[in-house]
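Inspection log for the structure reproduced underneath, given as structure tokens.
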Amino acid sequence: MRNDYAELRDAIARLCSDFPGKYWRELDRSKSYPTEFVQALTDAGWLSVLIPEEFGGAGLPLSAAAAILEEMQAQGCNAAACHAQMYTMGTLLRHGSAEQKQEYLPRIASGALRLQAFGVTEPTNGTDTGALKTTATRDGDDFVINGQKIWTSRAEHSDLMLLLARTSPREAGAKKTAGLSVILVDLRDALGHGLTIRPIRTMMNHATTEVFFDNLRVPARNLIGEEGKGFRYILSGMNAERILIAAECVGDARWFIDKSVTYAGERVVFDRAIGANQGVQFPVARAYANMRASALMVDEALRLYEAGQNPGAEANMAKLLAADASFEAANACVQIHGGFGFAEEYDVERKFRETRLYQVAPISTNLILSYLAEHVLGMPRSY
Ligand SMILES: Cc1cc2nc3c(=O)[nH]c(=O)nc-3n(C[C@H](O)[C@H](O)[C@H](O)COP(=O)(O)OP(=O)(O)OC[C@H]3O[C@@H](n4cnc5c(N)ncnc54)[C@H](O)[C@@H]3O)c2cc1C
């Protein structure tokens, strides 16, 4: 296994040992938020590592965040409860005004404020972001927001939300994504004053929601960057998001592979360990090879990102390959456990459900393939 950030990984593993499978199983049953886990990470400063030191964070590079998230998953925890707290602030950091950064970043770094809700996806347009319908209309010193978002994860556990909304109508001939703007919504002020949050129960415990805007007033000073350029700002944060999710998938794959190897060595059937059968070994060995290959692509994407490049292809490939590797490892792990793969107390079925998400979110496998086909290989556009 890669030995980068060894001390940091050890520290994460120690913290995670306070949150064993039993903790996650109970939350999974009641579909509850891992408040204690997120608080422990916040108190230890792990969620603010990407915030520059001048704003109270650790000012570490993206590779440190990747190591943190990978290790959480490899220890059997679930970073989905809080990973957005790490990278969502990047939009504010890169495109916010000096006043906005001073107002929010130090409190995000200290954990006094949570910015971990990100409202882009809508029910009627899905992946076609340019077709989104939520509007933010200027009225005096406010924007008045109307519309609906779906899959806005962690909205119930966040103080702030980054919202992508249309501030000017789609014009014939203009790019579909023109006229979209990013607005920082203070959820504490908004709840009950034009904002309603409705949880969506999902196959895994994910604290995701639908969010409804009904004439919600947000101060115009909460606009991030220039009006109408929001899609570009959101895109600029997506490489970081994809690389970090890919690192989580590598961590998941490591967890499944460790579990598989241990169980295959212990389970005796026909008077020998099941792991002595090549039919049992090969799926795990293949998953291991694919996990290692995807980890190299994560490293390559990180290297380019930290060199100031725009590694769209590598970030997408890392996400694609790592999500495939984690699901392959998950499937092998269920199979190796036989009937016990379906029993809650082994945690395998829970992690299997959790890692399945990354074939779909934050971007689905098909959309990555079409990006590679069209933008990297120059094939004809399909949509
Ligand atoms: C648990 C969860 C948490 C999420 N959290 C957030 C969040 O915090 N914030 C947020 O904004 N969004 C979030 N999302 C939304 C997520 O990013 C979307 O679900 C994802 O991008 C897919 O969009 P969709 O569900 O609308 O699928 P659709 O766009 O409707 O696509 C459905 C299927 O069709 C395929 N498809 C669509 N168009 C094409 C095409 N042209 N070619 C080939 N295949 C195609 C897709 O690959 C997909 O498999 C979350 C989703 C889930 C499930």
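Note on naming: chains are A, B, ... as they come in the structure tokens, residues start from 1 per chain, ligands start from 1 in the order shown.
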
**OP:** Write out as a ChimeraX atom specification each polymer residue whose atoms come within 10 Å of range 327-331 of chain A, counting only C-alpha atoms; drop sequence neighbours fewer than 3 positions from it.
**Re:** /A:249-250,252-260,283-288,290-291,321-324,334-336,341,348-349,351-359

Residues of the last selection are to be written out with C-alpha atoms, as a PDB file, in the first residue's frame.
```pdb
ATOM      1  CA  CYS A 249     -13.530   4.388  -3.472  1.00  0.00           C
ATOM      2  CA  VAL A 250      -9.909   3.209  -3.231  1.00  0.00           C
ATOM      3  CA  ASP A 252     -13.607   1.160   0.204  1.00  0.00           C
ATOM      4  CA  ALA A 253     -11.872  -1.337  -2.106  1.00  0.00           C
ATOM      5  CA  ARG A 254      -9.089  -1.777   0.480  1.00  0.00           C
ATOM      6  CA  TRP A 255     -11.683  -2.464   3.196  1.00  0.00           C
ATOM      7  CA  PHE A 256     -13.481  -5.091   1.070  1.00  0.00           C
ATOM      8  CA  ILE A 257     -10.215  -6.760   0.077  1.00  0.00           C
ATOM      9  CA  ASP A 258      -8.973  -6.927   3.689  1.00  0.00           C
ATOM     10  CA  LYS A 259     -12.303  -8.355   4.820  1.00  0.00           C
ATOM     11  CA  SER A 260     -12.271 -10.897   1.990  1.00  0.00           C
ATOM     12  CA  PRO A 283     -11.847 -12.416  -7.843  1.00  0.00           C
ATOM     13  CA  VAL A 284     -10.082 -10.819  -4.854  1.00  0.00           C
ATOM     14  CA  ALA A 285      -6.718 -10.810  -6.627  1.00  0.00           C
ATOM     15  CA  ARG A 286      -8.298  -9.135  -9.656  1.00  0.00           C
ATOM     16  CA  ALA A 287     -10.070  -6.574  -7.468  1.00  0.00           C
ATOM     17  CA  TYR A 288      -6.724  -5.857  -5.764  1.00  0.00           C
ATOM     18  CA  ASN A 290      -7.795  -2.928 -10.194  1.00  0.00           C
ATOM     19  CA  MET A 291      -7.725  -1.082  -6.859  1.00  0.00           C
ATOM     20  CA  LEU A 321     -11.787   3.329 -12.327  1.00  0.00           C
ATOM     21  CA  ALA A 322     -11.902   3.636  -8.541  1.00  0.00           C
ATOM     22  CA  ALA A 323     -15.709   3.359  -8.412  1.00  0.00           C
ATOM     23  CA  ASP A 324     -15.493   0.236 -10.593  1.00  0.00           C
ATOM     24  CA  VAL A 334     -20.231 -10.553  -0.620  1.00  0.00           C
ATOM     25  CA  GLN A 335     -19.572 -13.720  -2.616  1.00  0.00           C
ATOM     26  CA  ILE A 336     -16.700 -14.858  -0.393  1.00  0.00           C
ATOM     27  CA  GLY A 341     -22.338 -11.470   3.160  1.00  0.00           C
ATOM     28  CA  VAL A 348     -20.303  -6.200   4.181  1.00  0.00           C
ATOM     29  CA  GLU A 349     -23.845  -5.662   2.931  1.00  0.00           C
ATOM     30  CA  LYS A 351     -20.595  -1.147   2.753  1.00  0.00           C
ATOM     31  CA  PHE A 352     -21.781  -2.826  -0.479  1.00  0.00           C
ATOM     32  CA  ARG A 353     -24.846  -0.544  -0.520  1.00  0.00           C
ATOM     33  CA  GLU A 354     -22.762   2.497   0.352  1.00  0.00           C
ATOM     34  CA  THR A 355     -20.151   2.033  -2.362  1.00  0.00           C
ATOM     35  CA  ARG A 356     -22.765   1.312  -5.055  1.00  0.00           C
ATOM     36  CA  LEU A 357     -23.637   5.019  -5.009  1.00  0.00           C
ATOM     37  CA  TYR A 358     -20.394   5.999  -6.710  1.00  0.00           C
ATOM     38  CA  GLN A 359     -21.445   4.447 -10.020  1.00  0.00           C
TER      39      GLN A 359
END
```

Using only C-alpha atoms and all ligand atoms, which protein or nucleic acid residues are at most 10 Å from ligand 1, as an mmCIF file with N, CA and C atoms, in the first residue's frame?
```
data_model
loop_
_atom_site.group_PDB
_atom_site.id
_atom_site.type_symbol
_atom_site.label_atom_id
_atom_site.label_comp_id
_atom_site.auth_asym_id
_atom_site.auth_seq_id
_atom_site.Cartn_x
_atom_site.Cartn_y
_atom_site.Cartn_z
ATOM 1 N N ALA A 80 -19.079 10.009 3.513
ATOM 2 C CA ALA A 80 -20.139 10.717 2.790
ATOM 3 C C ALA A 80 -20.885 11.691 3.694
ATOM 4 N N ALA A 84 -18.105 16.725 1.794
ATOM 5 C CA ALA A 84 -18.317 17.999 1.101
ATOM 6 C C ALA A 84 -17.829 19.188 1.927
ATOM 7 N N GLN A 116 -21.691 22.238 3.969
ATOM 8 C CA GLN A 116 -21.571 20.926 3.334
ATOM 9 C C GLN A 116 -22.787 20.551 2.503
ATOM 10 N N ALA A 117 -23.583 21.574 2.142
ATOM 11 C CA ALA A 117 -24.702 21.304 1.235
ATOM 12 C C ALA A 117 -24.442 22.027 -0.088
ATOM 13 N N PHE A 118 -24.812 21.334 -1.138
ATOM 14 C CA PHE A 118 -24.408 21.752 -2.470
ATOM 15 C C PHE A 118 -25.609 21.494 -3.376
ATOM 16 N N GLY A 119 -26.338 22.543 -3.771
ATOM 17 C CA GLY A 119 -27.590 22.351 -4.504
ATOM 18 C C GLY A 119 -27.431 22.608 -5.988
ATOM 19 N N VAL A 120 -27.195 21.542 -6.739
ATOM 20 C CA VAL A 120 -27.083 21.661 -8.196
ATOM 21 C C VAL A 120 -28.195 20.861 -8.869
ATOM 22 N N THR A 121 -28.303 19.566 -8.537
ATOM 23 C CA THR A 121 -29.215 18.672 -9.257
ATOM 24 C C THR A 121 -30.682 19.038 -8.999
ATOM 25 N N GLU A 122 -31.478 18.959 -10.065
ATOM 26 C CA GLU A 122 -32.923 19.216 -9.953
ATOM 27 C C GLU A 122 -33.686 18.004 -10.480
ATOM 28 N N PRO A 123 -34.960 17.860 -10.052
ATOM 29 C CA PRO A 123 -35.681 16.648 -10.432
ATOM 30 C C PRO A 123 -35.953 16.517 -11.929
ATOM 31 N N THR A 124 -36.184 17.629 -12.616
ATOM 32 C CA THR A 124 -36.641 17.478 -14.004
ATOM 33 C C THR A 124 -35.511 17.415 -15.021
ATOM 34 N N ASN A 125 -34.312 17.878 -14.665
ATOM 35 C CA ASN A 125 -33.270 17.902 -15.700
ATOM 36 C C ASN A 125 -32.092 16.971 -15.429
ATOM 37 N N GLY A 126 -31.964 16.438 -14.209
ATOM 38 C CA GLY A 126 -30.898 15.491 -13.906
ATOM 39 C C GLY A 126 -29.522 16.021 -14.244
ATOM 40 N N THR A 127 -28.775 15.229 -14.992
ATOM 41 C CA THR A 127 -27.387 15.575 -15.307
ATOM 42 C C THR A 127 -27.272 16.786 -16.230
ATOM 43 N N ASP A 128 -28.352 17.147 -16.890
ATOM 44 C CA ASP A 128 -28.315 18.261 -17.842
ATOM 45 C C ASP A 128 -28.413 19.587 -17.058
ATOM 46 N N THR A 129 -27.294 19.967 -16.450
ATOM 47 C CA THR A 129 -27.295 21.098 -15.509
ATOM 48 C C THR A 129 -27.768 22.398 -16.163
ATOM 49 N N LYS A 149 -34.622 21.736 -5.678
ATOM 50 C CA LYS A 149 -33.425 20.907 -5.868
ATOM 51 C C LYS A 149 -33.728 19.509 -5.339
ATOM 52 N N ILE A 150 -32.977 18.537 -5.860
ATOM 53 C CA ILE A 150 -33.129 17.180 -5.332
ATOM 54 C C ILE A 150 -31.750 16.598 -5.072
ATOM 55 N N TRP A 151 -31.697 15.652 -4.155
ATOM 56 C CA TRP A 151 -30.434 15.008 -3.754
ATOM 57 C C TRP A 151 -29.481 16.016 -3.127
ATOM 58 N N THR A 152 -30.030 17.011 -2.448
ATOM 59 C CA THR A 152 -29.155 17.965 -1.768
ATOM 60 C C THR A 152 -28.742 17.319 -0.452
ATOM 61 N N SER A 153 -27.595 16.686 -0.482
ATOM 62 C CA SER A 153 -27.177 15.897 0.672
ATOM 63 C C SER A 153 -26.752 16.803 1.823
ATOM 64 N N ARG A 154 -27.001 16.322 3.029
ATOM 65 C CA ARG A 154 -26.575 16.962 4.283
ATOM 66 C C ARG A 154 -27.217 18.336 4.532
ATOM 67 N N ALA A 155 -28.264 18.703 3.769
ATOM 68 C CA ALA A 155 -28.869 20.032 3.962
ATOM 69 C C ALA A 155 -29.381 20.199 5.394
ATOM 70 N N MET A 161 -25.475 26.601 2.330
ATOM 71 C CA MET A 161 -25.584 25.804 1.104
ATOM 72 C C MET A 161 -25.101 26.625 -0.083
ATOM 73 N N LEU A 162 -24.310 25.998 -0.939
ATOM 74 C CA LEU A 162 -23.956 26.637 -2.201
ATOM 75 C C LEU A 162 -25.044 26.262 -3.195
ATOM 76 N N LEU A 163 -25.674 27.266 -3.757
ATOM 77 C CA LEU A 163 -26.807 27.022 -4.649
ATOM 78 C C LEU A 163 -26.463 27.495 -6.057
ATOM 79 N N LEU A 164 -26.778 26.658 -7.045
ATOM 80 C CA LEU A 164 -26.640 27.080 -8.441
ATOM 81 C C LEU A 164 -28.044 27.366 -8.968
ATOM 82 N N ILE A 200 -34.972 12.361 1.947
ATOM 83 C CA ILE A 200 -35.287 11.236 1.053
ATOM 84 C C ILE A 200 -34.613 10.007 1.650
ATOM 85 N N ARG A 201 -35.393 8.972 1.900
ATOM 86 C CA ARG A 201 -34.790 7.735 2.411
ATOM 87 C C ARG A 201 -34.191 6.961 1.243
ATOM 88 N N THR A 202 -32.963 6.521 1.409
ATOM 89 C CA THR A 202 -32.261 5.845 0.315
ATOM 90 C C THR A 202 -31.789 4.462 0.756
ATOM 91 N N MET A 203 -31.280 3.673 -0.181
ATOM 92 C CA MET A 203 -30.877 2.295 0.142
ATOM 93 C C MET A 203 -29.718 2.261 1.123
ATOM 94 N N MET A 204 -28.967 3.367 1.206
ATOM 95 C CA MET A 204 -27.924 3.449 2.236
ATOM 96 C C MET A 204 -28.223 4.694 3.072
ATOM 97 N N ASN A 205 -27.536 4.803 4.194
ATOM 98 C CA ASN A 205 -27.789 5.921 5.109
ATOM 99 C C ASN A 205 -27.020 7.135 4.615
ATOM 100 N N HIS A 206 -27.722 8.092 3.978
ATOM 101 C CA HIS A 206 -26.976 9.154 3.302
ATOM 102 C C HIS A 206 -27.432 10.587 3.595
ATOM 103 N N ALA A 207 -28.414 10.787 4.419
ATOM 104 C CA ALA A 207 -28.852 12.148 4.773
ATOM 105 C C ALA A 207 -29.041 13.046 3.561
ATOM 106 N N THR A 208 -29.700 12.510 2.536
ATOM 107 C CA THR A 208 -29.938 13.354 1.365
ATOM 108 C C THR A 208 -31.381 13.875 1.395
ATOM 109 N N THR A 209 -31.636 14.948 0.644
ATOM 110 C CA THR A 209 -32.927 15.645 0.792
ATOM 111 C C THR A 209 -33.426 16.239 -0.532
ATOM 112 N N GLU A 210 -34.683 16.650 -0.486
ATOM 113 C CA GLU A 210 -35.242 17.545 -1.509
ATOM 114 C C GLU A 210 -35.357 18.914 -0.863
ATOM 115 N N GLU A 354 -23.341 1.147 0.334
ATOM 116 C CA GLU A 354 -22.762 2.497 0.352
ATOM 117 C C GLU A 354 -21.891 2.759 -0.879
ATOM 118 N N ARG A 356 -22.018 1.377 -3.786
ATOM 119 C CA ARG A 356 -22.765 1.312 -5.055
ATOM 120 C C ARG A 356 -23.099 2.720 -5.578
ATOM 121 N N LEU A 357 -23.269 3.642 -4.636
ATOM 122 C CA LEU A 357 -23.637 5.019 -5.009
ATOM 123 C C LEU A 357 -22.683 5.609 -6.039
ATOM 124 N N TYR A 358 -21.394 5.263 -5.924
ATOM 125 C CA TYR A 358 -20.394 5.999 -6.710
ATOM 126 C C TYR A 358 -20.354 5.602 -8.190
ATOM 127 N N GLN A 359 -21.231 4.666 -8.586
ATOM 128 C CA GLN A 359 -21.445 4.447 -10.020
ATOM 129 C C GLN A 359 -22.363 5.539 -10.587
ATOM 130 N N VAL A 360 -23.080 6.220 -9.693
ATOM 131 C CA VAL A 360 -24.093 7.196 -10.136
ATOM 132 C C VAL A 360 -23.718 8.631 -9.742
ATOM 133 N N ALA A 361 -23.255 8.823 -8.530
ATOM 134 C CA ALA A 361 -22.984 10.177 -8.026
ATOM 135 C C ALA A 361 -21.495 10.293 -7.693
ATOM 136 N N PRO A 362 -20.944 11.481 -7.701
ATOM 137 C CA PRO A 362 -21.551 12.750 -8.120
ATOM 138 C C PRO A 362 -21.700 12.859 -9.632
ATOM 139 N N ILE A 363 -21.145 11.903 -10.360
ATOM 140 C CA ILE A 363 -21.404 11.866 -11.805
ATOM 141 C C ILE A 363 -21.473 10.404 -12.207
ATOM 142 N N SER A 364 -22.389 10.094 -13.095
ATOM 143 C CA SER A 364 -22.577 8.680 -13.422
ATOM 144 C C SER A 364 -21.508 8.211 -14.407
ATOM 145 N N THR A 365 -21.284 6.907 -14.369
ATOM 146 C CA THR A 365 -20.276 6.275 -15.215
ATOM 147 C C THR A 365 -20.483 6.622 -16.694
ATOM 148 N N ASN A 366 -21.729 6.566 -17.160
ATOM 149 C CA ASN A 366 -21.988 6.881 -18.577
ATOM 150 C C ASN A 366 -21.513 8.282 -18.941
ATOM 151 N N LEU A 367 -21.770 9.216 -18.062
ATOM 152 C CA LEU A 367 -21.422 10.603 -18.384
ATOM 153 C C LEU A 367 -19.907 10.791 -18.413
ATOM 154 N N ILE A 368 -19.179 10.020 -17.592
ATOM 155 C CA ILE A 368 -17.712 10.073 -17.650
ATOM 156 C C ILE A 368 -17.243 9.488 -18.979
ATOM 157 N N LEU A 369 -17.844 8.368 -19.363
ATOM 158 C CA LEU A 369 -17.431 7.744 -20.626
ATOM 159 C C LEU A 369 -17.715 8.684 -21.800
ATOM 160 N N SER A 370 -18.851 9.371 -21.755
ATOM 161 C CA SER A 370 -19.150 10.253 -22.890
ATOM 162 C C SER A 370 -18.209 11.463 -22.883
ATOM 163 N N TYR A 371 -17.807 11.916 -21.672
ATOM 164 C CA TYR A 371 -16.820 13.003 -21.600
ATOM 165 C C TYR A 371 -15.501 12.546 -22.238
ATOM 166 N N ARG A 381 -20.254 14.451 -30.894
ATOM 167 C CA ARG A 381 -21.085 14.713 -29.711
ATOM 168 C C ARG A 381 -22.350 13.871 -29.766
ATOM 169 N N SER A 382 -22.751 13.345 -28.594
ATOM 170 C CA SER A 382 -23.976 12.541 -28.553
ATOM 171 C C SER A 382 -25.142 13.341 -27.984
ATOM 172 N N TYR A 383 -24.847 14.426 -27.307
ATOM 173 C CA TYR A 383 -25.937 15.237 -26.768
ATOM 174 C C TYR A 383 -25.500 16.683 -26.715
#
```

Subject >> Shell of 8 Å around Leu244 in chain A, only C-alpha atoms, local chain residues under 5 positions omitted, as JSON, numbers by chain >> reply: {"A": [65, 66, 69]}

Subject >> Between CA of Leu8 in chain A and CA of Trp46 in chain A - distance in Å to one decimal >> reply: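 Straight-line distance from CA of Trp46 in chain A to CA of Leu8 in chain A works out to 9.6 Å.
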
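Comparing A:Ile51, A:Ala79, A:Ala174, A:Ala58 by their smallest distance to Gln102 in chain A, the closest is A:Ile51 (using only C-alpha atoms).
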
**OP:** DSSP on the backbone, then: every residue of range 117-354 of chain A marked helix (DSSP H, G or I), written as JSON, numbers by chain.
**Re:** {"A": [129, 130, 131, 155, 156, 157, 187, 188, 189, 190, 220, 221, 222, 230, 231, 232, 233, 234, 235, 236, 237, 238, 239, 240, 241, 242, 243, 244, 245, 246, 247, 248, 249, 250, 251, 252, 253, 254, 255, 256, 257, 258, 259, 260, 261, 262, 263, 264, 265, 266, 274, 275, 276, 278, 279, 280, 281, 282, 283, 284, 285, 286, 287, 288, 289, 290, 291, 292, 293, 294, 295, 296, 297, 298, 299, 300, 301, 302, 303, 304, 305, 306, 312, 313, 314, 315, 316, 317, 318, 319, 320, 321, 322, 323, 324, 325, 326, 327, 328, 329, 330, 331, 332, 333, 334, 335, 336, 338, 339, 340, 341, 342, 344, 345, 346, 348, 349, 350, 351, 352, 353, 354]}

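Distances from A:Asp214, A:Asp18, A:Gly251, A:Met86 to Gly192 in chain A were compared using only C-alpha atoms, and the smallest one belongs to A:Asp214.
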